[in-house]
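**Q** Compact mmCIF, N, CA and C atoms, saved as model-v7.txt, coming up:
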```txt
# COMPACT_ATOMS: atom_id res chain seq x y z
N MET E 1 7.86 -16.49 -10.66
CA MET E 1 8.40 -15.56 -9.71
C MET E 1 9.15 -16.36 -8.65
N GLU E 2 10.32 -15.92 -8.26
CA GLU E 2 11.08 -16.59 -7.23
C GLU E 2 11.13 -15.72 -5.99
N VAL E 3 10.88 -16.33 -4.84
CA VAL E 3 10.97 -15.63 -3.56
C VAL E 3 12.05 -16.31 -2.76
N GLU E 4 13.11 -15.57 -2.42
CA GLU E 4 14.24 -16.16 -1.71
C GLU E 4 14.05 -16.00 -0.22
N ASN E 5 14.45 -17.03 0.51
CA ASN E 5 14.40 -17.00 1.96
C ASN E 5 15.71 -17.56 2.46
N HIS E 6 16.02 -17.34 3.75
CA HIS E 6 17.29 -17.80 4.30
C HIS E 6 17.41 -19.31 4.28
N ASP E 7 16.33 -20.03 4.49
CA ASP E 7 16.39 -21.49 4.59
C ASP E 7 16.47 -22.16 3.22
N ASP E 8 15.73 -21.66 2.27
CA ASP E 8 15.68 -22.27 0.96
C ASP E 8 15.04 -21.30 -0.01
N VAL E 9 14.89 -21.71 -1.24
CA VAL E 9 14.26 -20.87 -2.26
C VAL E 9 12.89 -21.42 -2.56
N LEU E 10 11.90 -20.55 -2.55
CA LEU E 10 10.54 -20.96 -2.87
C LEU E 10 10.18 -20.43 -4.24
N LEU E 11 9.60 -21.27 -5.06
CA LEU E 11 9.06 -20.81 -6.33
C LEU E 11 7.57 -20.61 -6.14
N ILE E 12 7.12 -19.40 -6.28
CA ILE E 12 5.73 -19.06 -6.03
C ILE E 12 5.04 -18.81 -7.37
N GLU E 13 4.03 -19.58 -7.64
CA GLU E 13 3.20 -19.38 -8.81
C GLU E 13 2.11 -18.36 -8.46
N PRO E 14 1.50 -17.72 -9.44
CA PRO E 14 0.40 -16.82 -9.12
C PRO E 14 -0.64 -17.55 -8.28
N CYS E 15 -1.07 -16.90 -7.19
CA CYS E 15 -1.92 -17.62 -6.24
C CYS E 15 -3.41 -17.44 -6.49
N CYS E 16 -3.79 -16.52 -7.28
CA CYS E 16 -5.22 -16.24 -7.46
C CYS E 16 -5.57 -16.15 -8.93
N ALA E 17 -5.15 -17.13 -9.70
CA ALA E 17 -5.38 -17.07 -11.13
C ALA E 17 -6.87 -16.96 -11.47
N SER E 18 -7.70 -17.62 -10.69
CA SER E 18 -9.13 -17.51 -10.89
C SER E 18 -9.72 -16.79 -9.68
N HIS E 19 -10.22 -15.58 -9.90
CA HIS E 19 -10.70 -14.76 -8.79
C HIS E 19 -11.98 -15.31 -8.17
N SER E 20 -12.80 -15.99 -8.95
CA SER E 20 -14.09 -16.41 -8.43
C SER E 20 -13.99 -17.54 -7.41
N ASP E 21 -13.07 -18.49 -7.61
CA ASP E 21 -12.98 -19.59 -6.65
C ASP E 21 -11.99 -19.29 -5.52
N ARG E 22 -11.22 -18.24 -5.65
CA ARG E 22 -10.30 -17.75 -4.62
C ARG E 22 -9.46 -18.86 -4.01
N THR E 23 -8.76 -19.59 -4.85
CA THR E 23 -7.84 -20.60 -4.36
C THR E 23 -6.43 -20.20 -4.77
N SER E 24 -5.45 -20.80 -4.12
CA SER E 24 -4.06 -20.55 -4.51
C SER E 24 -3.64 -21.61 -5.52
N HIS E 25 -2.68 -21.24 -6.31
CA HIS E 25 -2.18 -22.15 -7.33
C HIS E 25 -0.66 -22.18 -7.25
N HIS E 26 -0.15 -22.89 -6.24
CA HIS E 26 1.28 -22.99 -6.05
C HIS E 26 1.80 -24.23 -6.76
N SER E 27 3.04 -24.15 -7.21
CA SER E 27 3.67 -25.33 -7.81
C SER E 27 3.81 -26.40 -6.73
N GLU E 28 4.00 -27.63 -7.14
CA GLU E 28 4.18 -28.72 -6.17
C GLU E 28 5.42 -28.49 -5.32
N LYS E 29 6.48 -27.95 -5.94
CA LYS E 29 7.71 -27.66 -5.20
C LYS E 29 7.46 -26.62 -4.12
N THR E 30 6.72 -25.58 -4.47
CA THR E 30 6.40 -24.53 -3.51
C THR E 30 5.53 -25.08 -2.40
N LYS E 31 4.51 -25.83 -2.77
CA LYS E 31 3.60 -26.40 -1.77
C LYS E 31 4.37 -27.29 -0.81
N LYS E 32 5.26 -28.11 -1.33
CA LYS E 32 6.05 -29.01 -0.48
C LYS E 32 6.93 -28.19 0.47
N SER E 33 7.54 -27.14 -0.04
CA SER E 33 8.39 -26.29 0.79
C SER E 33 7.58 -25.61 1.89
N LEU E 34 6.41 -25.10 1.55
CA LEU E 34 5.56 -24.45 2.54
C LEU E 34 5.10 -25.45 3.61
N ILE E 35 4.73 -26.63 3.18
CA ILE E 35 4.30 -27.67 4.12
C ILE E 35 5.46 -28.07 5.04
N ASN E 36 6.66 -28.15 4.48
CA ASN E 36 7.84 -28.47 5.30
C ASN E 36 8.07 -27.41 6.36
N ARG E 37 7.91 -26.15 5.98
CA ARG E 37 8.07 -25.06 6.95
C ARG E 37 7.04 -25.18 8.07
N LEU E 38 5.81 -25.46 7.69
CA LEU E 38 4.76 -25.60 8.70
C LEU E 38 4.99 -26.83 9.58
N SER E 39 5.55 -27.88 9.01
CA SER E 39 5.86 -29.07 9.81
C SER E 39 6.93 -28.75 10.84
N ARG E 40 7.91 -27.92 10.46
CA ARG E 40 8.94 -27.52 11.43
C ARG E 40 8.31 -26.70 12.56
N VAL E 41 7.39 -25.81 12.20
CA VAL E 41 6.70 -25.01 13.23
C VAL E 41 5.89 -25.94 14.14
N GLU E 42 5.22 -26.90 13.54
CA GLU E 42 4.45 -27.86 14.32
C GLU E 42 5.35 -28.61 15.30
N GLY E 43 6.54 -28.99 14.84
CA GLY E 43 7.50 -29.65 15.72
C GLY E 43 7.95 -28.74 16.86
N GLN E 44 8.12 -27.46 16.54
CA GLN E 44 8.50 -26.51 17.59
C GLN E 44 7.39 -26.38 18.63
N ILE E 45 6.15 -26.39 18.19
CA ILE E 45 5.02 -26.30 19.11
C ILE E 45 4.98 -27.53 20.01
N ARG E 46 5.18 -28.71 19.42
CA ARG E 46 5.23 -29.94 20.24
C ARG E 46 6.38 -29.86 21.25
N GLY E 47 7.50 -29.27 20.81
CA GLY E 47 8.63 -29.09 21.72
C GLY E 47 8.28 -28.19 22.90
N ILE E 48 7.54 -27.12 22.62
CA ILE E 48 7.11 -26.22 23.70
C ILE E 48 6.19 -26.95 24.66
N LYS E 49 5.29 -27.74 24.12
CA LYS E 49 4.40 -28.53 24.98
C LYS E 49 5.22 -29.44 25.89
N GLY E 50 6.26 -30.06 25.33
CA GLY E 50 7.13 -30.92 26.12
C GLY E 50 7.86 -30.15 27.21
N LEU E 51 8.27 -28.92 26.89
CA LEU E 51 8.94 -28.09 27.90
C LEU E 51 8.01 -27.80 29.07
N ILE E 52 6.75 -27.52 28.75
CA ILE E 52 5.78 -27.25 29.81
C ILE E 52 5.57 -28.50 30.65
N GLU E 53 5.44 -29.65 29.98
CA GLU E 53 5.25 -30.90 30.71
C GLU E 53 6.43 -31.22 31.63
N LYS E 54 7.64 -30.77 31.25
CA LYS E 54 8.84 -31.03 32.05
C LYS E 54 9.12 -29.91 33.06
N ASP E 55 8.19 -28.97 33.19
CA ASP E 55 8.36 -27.84 34.10
C ASP E 55 9.64 -27.05 33.82
N THR E 56 9.91 -26.84 32.54
CA THR E 56 11.09 -26.08 32.13
C THR E 56 10.94 -24.62 32.56
N TYR E 57 12.05 -24.00 32.88
CA TYR E 57 12.10 -22.61 33.30
C TYR E 57 11.37 -21.74 32.28
N CYS E 58 10.50 -20.87 32.76
CA CYS E 58 9.61 -20.08 31.90
C CYS E 58 10.36 -19.29 30.83
N ASP E 59 11.48 -18.69 31.19
CA ASP E 59 12.22 -17.89 30.22
C ASP E 59 12.67 -18.73 29.03
N ASP E 60 13.03 -19.97 29.27
CA ASP E 60 13.42 -20.87 28.18
C ASP E 60 12.23 -21.18 27.27
N VAL E 61 11.06 -21.33 27.86
CA VAL E 61 9.84 -21.59 27.08
C VAL E 61 9.51 -20.36 26.24
N ILE E 62 9.60 -19.19 26.85
CA ILE E 62 9.30 -17.94 26.13
C ILE E 62 10.25 -17.76 24.95
N THR E 63 11.51 -18.13 25.12
CA THR E 63 12.47 -18.06 24.02
C THR E 63 12.02 -18.94 22.86
N GLN E 64 11.51 -20.12 23.15
CA GLN E 64 11.03 -21.02 22.11
C GLN E 64 9.76 -20.48 21.45
N ILE E 65 8.91 -19.85 22.23
CA ILE E 65 7.70 -19.23 21.68
C ILE E 65 8.09 -18.13 20.70
N ALA E 66 9.08 -17.33 21.05
CA ALA E 66 9.55 -16.27 20.16
C ALA E 66 10.07 -16.85 18.85
N ALA E 67 10.74 -18.00 18.92
CA ALA E 67 11.25 -18.65 17.70
C ALA E 67 10.10 -19.10 16.80
N VAL E 68 9.04 -19.62 17.40
CA VAL E 68 7.87 -20.04 16.62
C VAL E 68 7.21 -18.82 15.97
N GLN E 69 7.05 -17.76 16.73
CA GLN E 69 6.45 -16.55 16.17
C GLN E 69 7.27 -16.01 15.01
N SER E 70 8.57 -16.04 15.15
CA SER E 70 9.45 -15.58 14.07
C SER E 70 9.30 -16.45 12.83
N ALA E 71 9.24 -17.75 13.02
CA ALA E 71 9.07 -18.67 11.89
C ALA E 71 7.75 -18.43 11.18
N LEU E 72 6.68 -18.21 11.94
CA LEU E 72 5.38 -17.94 11.32
C LEU E 72 5.38 -16.59 10.61
N ASN E 73 6.04 -15.59 11.19
CA ASN E 73 6.14 -14.29 10.54
C ASN E 73 6.89 -14.39 9.22
N SER E 74 7.95 -15.15 9.20
CA SER E 74 8.72 -15.36 7.97
C SER E 74 7.87 -16.05 6.91
N PHE E 75 7.14 -17.06 7.32
CA PHE E 75 6.24 -17.78 6.43
C PHE E 75 5.20 -16.82 5.84
N SER E 76 4.63 -15.98 6.70
CA SER E 76 3.61 -15.02 6.26
C SER E 76 4.19 -14.02 5.28
N LYS E 77 5.41 -13.56 5.50
CA LYS E 77 6.04 -12.60 4.59
C LYS E 77 6.20 -13.18 3.19
N VAL E 78 6.60 -14.45 3.12
CA VAL E 78 6.77 -15.10 1.82
C VAL E 78 5.43 -15.15 1.08
N LEU E 79 4.38 -15.56 1.80
CA LEU E 79 3.06 -15.63 1.17
C LEU E 79 2.54 -14.25 0.78
N LEU E 80 2.74 -13.27 1.64
CA LEU E 80 2.27 -11.92 1.35
C LEU E 80 2.98 -11.35 0.14
N GLU E 81 4.28 -11.56 0.04
CA GLU E 81 5.01 -11.06 -1.13
C GLU E 81 4.49 -11.68 -2.42
N ALA E 82 4.29 -12.98 -2.39
CA ALA E 82 3.76 -13.67 -3.57
C ALA E 82 2.37 -13.15 -3.92
N HIS E 83 1.55 -12.93 -2.90
CA HIS E 83 0.20 -12.43 -3.11
C HIS E 83 0.23 -11.04 -3.75
N LEU E 84 1.11 -10.17 -3.25
CA LEU E 84 1.23 -8.83 -3.82
C LEU E 84 1.69 -8.86 -5.27
N LYS E 85 2.69 -9.68 -5.54
CA LYS E 85 3.29 -9.71 -6.87
C LYS E 85 2.42 -10.41 -7.90
N SER E 86 1.50 -11.21 -7.46
CA SER E 86 0.66 -11.93 -8.43
C SER E 86 -0.80 -11.53 -8.31
N CYS E 87 -1.47 -12.00 -7.30
CA CYS E 87 -2.91 -11.82 -7.17
C CYS E 87 -3.32 -10.34 -7.15
N VAL E 88 -2.70 -9.59 -6.27
CA VAL E 88 -3.09 -8.19 -6.11
C VAL E 88 -2.80 -7.41 -7.40
N THR E 89 -1.62 -7.62 -7.95
CA THR E 89 -1.25 -6.93 -9.20
C THR E 89 -2.22 -7.28 -10.32
N GLU E 90 -2.52 -8.55 -10.46
CA GLU E 90 -3.44 -8.97 -11.53
C GLU E 90 -4.83 -8.37 -11.34
N ARG E 91 -5.32 -8.38 -10.12
CA ARG E 91 -6.67 -7.86 -9.87
C ARG E 91 -6.73 -6.35 -10.09
N ILE E 92 -5.68 -5.63 -9.73
CA ILE E 92 -5.66 -4.19 -9.99
C ILE E 92 -5.65 -3.94 -11.50
N LYS E 93 -4.84 -4.70 -12.23
CA LYS E 93 -4.82 -4.58 -13.70
C LYS E 93 -6.19 -4.85 -14.30
N ASP E 94 -6.95 -5.75 -13.67
CA ASP E 94 -8.29 -6.09 -14.15
C ASP E 94 -9.35 -5.08 -13.68
N GLY E 95 -8.90 -4.04 -12.96
CA GLY E 95 -9.83 -3.01 -12.49
C GLY E 95 -10.53 -3.35 -11.19
N GLU E 96 -10.12 -4.39 -10.52
CA GLU E 96 -10.74 -4.81 -9.26
C GLU E 96 -10.04 -4.12 -8.10
N LEU E 97 -10.32 -2.83 -7.93
CA LEU E 97 -9.63 -2.02 -6.93
C LEU E 97 -10.01 -2.37 -5.50
N GLU E 98 -11.09 -3.12 -5.30
CA GLU E 98 -11.47 -3.54 -3.95
C GLU E 98 -10.41 -4.45 -3.33
N VAL E 99 -9.51 -4.99 -4.16
CA VAL E 99 -8.44 -5.83 -3.64
C VAL E 99 -7.52 -5.04 -2.70
N VAL E 100 -7.43 -3.73 -2.88
CA VAL E 100 -6.60 -2.90 -2.01
C VAL E 100 -7.18 -2.90 -0.60
N ASP E 101 -8.49 -2.75 -0.48
CA ASP E 101 -9.12 -2.81 0.84
C ASP E 101 -8.94 -4.19 1.48
N GLU E 102 -9.08 -5.23 0.67
CA GLU E 102 -8.88 -6.59 1.15
C GLU E 102 -7.45 -6.76 1.67
N LEU E 103 -6.49 -6.23 0.92
CA LEU E 103 -5.09 -6.32 1.32
C LEU E 103 -4.83 -5.58 2.63
N LEU E 104 -5.43 -4.41 2.79
CA LEU E 104 -5.27 -3.66 4.03
C LEU E 104 -5.79 -4.44 5.24
N VAL E 105 -6.91 -5.09 5.09
CA VAL E 105 -7.47 -5.92 6.17
C VAL E 105 -6.51 -7.07 6.48
N THR E 106 -5.97 -7.68 5.43
CA THR E 106 -5.03 -8.79 5.61
C THR E 106 -3.79 -8.32 6.37
N ILE E 107 -3.24 -7.19 5.99
CA ILE E 107 -2.06 -6.66 6.66
C ILE E 107 -2.37 -6.33 8.11
N GLN E 108 -3.54 -5.76 8.37
CA GLN E 108 -3.92 -5.46 9.74
C GLN E 108 -3.99 -6.74 10.59
N ARG E 109 -4.52 -7.80 10.00
CA ARG E 109 -4.58 -9.09 10.71
C ARG E 109 -3.19 -9.61 11.03
N LEU E 110 -2.28 -9.48 10.07
CA LEU E 110 -0.92 -9.96 10.28
C LEU E 110 -0.18 -9.15 11.34
N MET E 111 -0.51 -7.88 11.45
CA MET E 111 0.21 -7.00 12.37
C MET E 111 -0.33 -7.07 13.80
N LYS E 112 -1.48 -7.67 14.00
CA LYS E 112 -2.02 -7.79 15.35
C LYS E 112 -1.13 -8.70 16.18
N LYS E 113 -0.93 -8.32 17.40
CA LYS E 113 -0.10 -9.14 18.30
C LYS E 113 -0.88 -9.44 19.54
```
Rewrite the coordinates I just gave you, this time as structure tokens.

**A**
Amino acid sequence: MEVENHDDVLLIEPCCASHSDRTSHHSEKTKKSLINRLSRVEGQIRGIKGLIEKDTYCDDVITQIAAVQSALNSFSKVLLEAHLKSCVTERIKDGELEVVDELLVTIQRLMKK
């Protein structure tokens, strides 16, 4: 399954092939891409810390915080889409309907601000 994003293309493998151990199974390319995205977010966070240390105008800091939140939301959307298309679909096909309740809780967590 391919999930396209503005920055690059992620290849997402089914993330929950084994339901009992509940681990993800991403290709090395996907894992590297996800880690790179998180590293960029980490850099943005360090940048915000530096802005605070330099007594940067609050509005400029808030703008950077919004950019970090957007990057994390984008990251979450990619993972959620892959989860829906693989793990959730597979578990429903296997008759594990409790995955729907699990998904609802996950979405509620993502939507909290």

**Q** Give the answer as one residue: which of E:Ala82, E:Leu38, E:Ile65, E:Val88 has the shortest atom-to-atom distance to Asp101 in chain E, using only C-alpha atoms?

**A** E:Val88

**Q** When you count only C-alpha atoms, which of these residues is closest to Ser33 in chain E: E:Glu81, E:Phe75, E:Gln64, E:Tyr57?

**A** E:Phe75

**Q** Give me, please, the distance in Å between CA of Ile45 in chain E and CA of Val68 in chain E, quoted to one decimal.

**A**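 A separation of 7.3 Å between them.
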
**Q** For a test of reading the model, state the distance in Å between atom N of Lys77 in chain E and CA of Leu103 in chain E, rounded to one decimal.

**A** 13.4 Å

**Q** So the first atom is atom N of Ile62 in chain E and the second is CA of Ile48 in chain E; what is the distance between them in Å, to one decimal place?

**A**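 If I compute the distance from atom N of Ile62 in chain E to CA of Ile48 in chain E, I get 8.1 Å.
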
**Q** As an mmCIF file with N, CA and C atoms, in the frame of the given file, please: every residue in range 21-57 of chain E that a backbone DSSP assignment puts in helix (DSSP H, G or I).

**A**
```cif
data_model
loop_
_atom_site.group_PDB
_atom_site.id
_atom_site.type_symbol
_atom_site.label_atom_id
_atom_site.label_comp_id
_atom_site.auth_asym_id
_atom_site.auth_seq_id
_atom_site.Cartn_x
_atom_site.Cartn_y
_atom_site.Cartn_z
ATOM 1 N N GLU E 28 4.000 -27.630 -7.140
ATOM 2 C CA GLU E 28 4.180 -28.720 -6.170
ATOM 3 C C GLU E 28 5.420 -28.490 -5.320
ATOM 4 N N LYS E 29 6.480 -27.950 -5.940
ATOM 5 C CA LYS E 29 7.710 -27.660 -5.200
ATOM 6 C C LYS E 29 7.460 -26.620 -4.120
ATOM 7 N N THR E 30 6.720 -25.580 -4.470
ATOM 8 C CA THR E 30 6.400 -24.530 -3.510
ATOM 9 C C THR E 30 5.530 -25.080 -2.400
ATOM 10 N N LYS E 31 4.510 -25.830 -2.770
ATOM 11 C CA LYS E 31 3.600 -26.400 -1.770
ATOM 12 C C LYS E 31 4.370 -27.290 -0.810
ATOM 13 N N LYS E 32 5.260 -28.110 -1.330
ATOM 14 C CA LYS E 32 6.050 -29.010 -0.480
ATOM 15 C C LYS E 32 6.930 -28.190 0.470
ATOM 16 N N SER E 33 7.540 -27.140 -0.040
ATOM 17 C CA SER E 33 8.390 -26.290 0.790
ATOM 18 C C SER E 33 7.580 -25.610 1.890
ATOM 19 N N LEU E 34 6.410 -25.100 1.550
ATOM 20 C CA LEU E 34 5.560 -24.450 2.540
ATOM 21 C C LEU E 34 5.100 -25.450 3.610
ATOM 22 N N ILE E 35 4.730 -26.630 3.180
ATOM 23 C CA ILE E 35 4.300 -27.670 4.120
ATOM 24 C C ILE E 35 5.460 -28.070 5.040
ATOM 25 N N ASN E 36 6.660 -28.150 4.480
ATOM 26 C CA ASN E 36 7.840 -28.470 5.300
ATOM 27 C C ASN E 36 8.070 -27.410 6.360
ATOM 28 N N ARG E 37 7.910 -26.150 5.980
ATOM 29 C CA ARG E 37 8.070 -25.060 6.950
ATOM 30 C C ARG E 37 7.040 -25.180 8.070
ATOM 31 N N LEU E 38 5.810 -25.460 7.690
ATOM 32 C CA LEU E 38 4.760 -25.600 8.700
ATOM 33 C C LEU E 38 4.990 -26.830 9.580
ATOM 34 N N SER E 39 5.550 -27.880 9.010
ATOM 35 C CA SER E 39 5.860 -29.070 9.810
ATOM 36 C C SER E 39 6.930 -28.750 10.840
ATOM 37 N N ARG E 40 7.910 -27.920 10.460
ATOM 38 C CA ARG E 40 8.940 -27.520 11.430
ATOM 39 C C ARG E 40 8.310 -26.700 12.560
ATOM 40 N N VAL E 41 7.390 -25.810 12.200
ATOM 41 C CA VAL E 41 6.700 -25.010 13.230
ATOM 42 C C VAL E 41 5.890 -25.940 14.140
ATOM 43 N N GLU E 42 5.220 -26.900 13.540
ATOM 44 C CA GLU E 42 4.450 -27.860 14.320
ATOM 45 C C GLU E 42 5.350 -28.610 15.300
ATOM 46 N N GLY E 43 6.540 -28.990 14.840
ATOM 47 C CA GLY E 43 7.500 -29.650 15.720
ATOM 48 C C GLY E 43 7.950 -28.740 16.860
ATOM 49 N N GLN E 44 8.120 -27.460 16.540
ATOM 50 C CA GLN E 44 8.500 -26.510 17.590
ATOM 51 C C GLN E 44 7.390 -26.380 18.630
ATOM 52 N N ILE E 45 6.150 -26.390 18.190
ATOM 53 C CA ILE E 45 5.020 -26.300 19.110
ATOM 54 C C ILE E 45 4.980 -27.530 20.010
ATOM 55 N N ARG E 46 5.180 -28.710 19.420
ATOM 56 C CA ARG E 46 5.230 -29.940 20.240
ATOM 57 C C ARG E 46 6.380 -29.860 21.250
ATOM 58 N N GLY E 47 7.500 -29.270 20.810
ATOM 59 C CA GLY E 47 8.630 -29.090 21.720
ATOM 60 C C GLY E 47 8.280 -28.190 22.900
ATOM 61 N N ILE E 48 7.540 -27.120 22.620
ATOM 62 C CA ILE E 48 7.110 -26.220 23.700
ATOM 63 C C ILE E 48 6.190 -26.950 24.660
ATOM 64 N N LYS E 49 5.290 -27.740 24.120
ATOM 65 C CA LYS E 49 4.400 -28.530 24.980
ATOM 66 C C LYS E 49 5.220 -29.440 25.890
ATOM 67 N N GLY E 50 6.260 -30.060 25.330
ATOM 68 C CA GLY E 50 7.130 -30.920 26.120
ATOM 69 C C GLY E 50 7.860 -30.150 27.210
ATOM 70 N N LEU E 51 8.270 -28.920 26.890
ATOM 71 C CA LEU E 51 8.940 -28.090 27.900
ATOM 72 C C LEU E 51 8.010 -27.800 29.070
ATOM 73 N N ILE E 52 6.750 -27.520 28.750
ATOM 74 C CA ILE E 52 5.780 -27.250 29.810
ATOM 75 C C ILE E 52 5.570 -28.500 30.650
ATOM 76 N N GLU E 53 5.440 -29.650 29.980
ATOM 77 C CA GLU E 53 5.250 -30.900 30.710
ATOM 78 C C GLU E 53 6.430 -31.220 31.630
#
```
